[in-house]
Amino acid sequence: MALLPILEFPDPRLRTKAVAVDPAQVPDPVFQRLLDDMFETMYEAPGIGLAASQVDVHKRFMVIDISEDKSAPMVFINPEILSREGEQVYQEGCLSVPGIFADVTRADSIDVRFLDRSGQPQRLQVDGLLAVCIQHEMDHLEGKLFVDYLSPLKREMVRKKLAKQRKLAGDAA
Ligand code: GNR
Ligand code: NI
């Protein structure tokens with residue numbers, strides 16, 4: 001297994017719109033290893049979700065585990081939201097926008113269809129944090145970040161804060 005580098009805002013590669021995964025490719029050991037590497041990267045960060053876009057793979061899938069003990073790994077391939085209900089506000093963070101947190105309003109409950117890591121079609125009705133996380137990851141696949149929901153002024157403040165943090169850290173990359 002391997003840790004993968006996570007792209008950070010405002011890297012333009014995060015704006016790439018991901019393309020569908022070929023279902024025939026799901027059993028491929030190379031794809032399965034990428035899923036394992038994404039879980040390892042997400043757990044190490046630590047985070048509760050990671051979209052392929054964040055590791056510079058512009059295909060429509062993500063890994064999620066909202067449990068506190070790494071006990072509920074979930075893979076969503078070619079996810080589609082079939083319906084949305086209600087609204088919830090959650091204070092979101094993002095591994096691609098480190099150290100920044102802001103309230104985002106999203107659907108409270110969603111009906112989502114996807115392929116799991118064995119390529120089997122699944123359909124789930126979810127709410128709460130899992131619904132937030134799926135919507136956050138699906139935004140990544142569209143090239144969208146949670147800071148896009150902020151005003152342009154606040155987004156510019158975020159960009160400057162990250163640039164300053166990187167400068168203080170002596171940005172190796
Ligand atoms: O680790 C993460 N936590 C989080 C908290 C609130 C709302 C969304 C998230 S997803 C984030 C990991 C990440 O950046 N996924 O793209
Ligand atoms: Ni994110």
# chains A, B, ... in the order shown; residues from 1 in each chain; ligands from 1
$ select_by_dssp --residues "chain A" --states "alpha helix (DSSP H)" --output "JSON, numbers by chain"
{"A": [29, 30, 31, 32, 33, 34, 35, 36, 37, 38, 39, 40, 41, 42, 43, 44, 128, 129, 130, 131, 132, 133, 134, 135, 136, 137, 138, 139, 140, 141, 152, 153, 154, 155, 156, 157, 158, 159, 160, 161, 162, 163, 164, 165, 166, 167, 168, 169]}
$ residues_near_ligand --ligand "ligand 2" --cutoff "12 Å" --atoms "only C-alpha atoms and all ligand atoms" --output "PyMOL selection string"
chain A and resi 6-9+14+42+45-55+62-64+92-101+132-148
$ residues_around --residues "Val19 (chain A)" --least-positions-apart "3" --cutoff "9 Å" --atoms "only C-alpha atoms" --output "PyMOL selection string"
chain A and resi 58-60+78+141
$ atom_distance --atom1 "CA of Gly86 (chain A)" --atom2 "CA of Asp108 (chain A)"
4.9 Å
$ select_by_dssp --residues "region 32-69 of chain A" --states "strand (DSSP E or B)" --output "list of chain:residue names"
A:Gly49, A:Leu50, A:Ala51, A:Lys59, A:Phe61, A:Met62, A:Val63, A:Ile64
$ closest_residue --among "A:Asp111, A:Asp116, A:Asp36, A:Asp22" --to "Phe76 (chain A)" --atoms "only C-alpha atoms"
A:Asp116
$ residues_around --residues "Arg113 (chain A)" --least-positions-apart "3" --cutoff "12 Å" --atoms "only C-alpha atoms" --output "PyMOL selection string"
chain A and resi 75-83+110+116+120-126+134
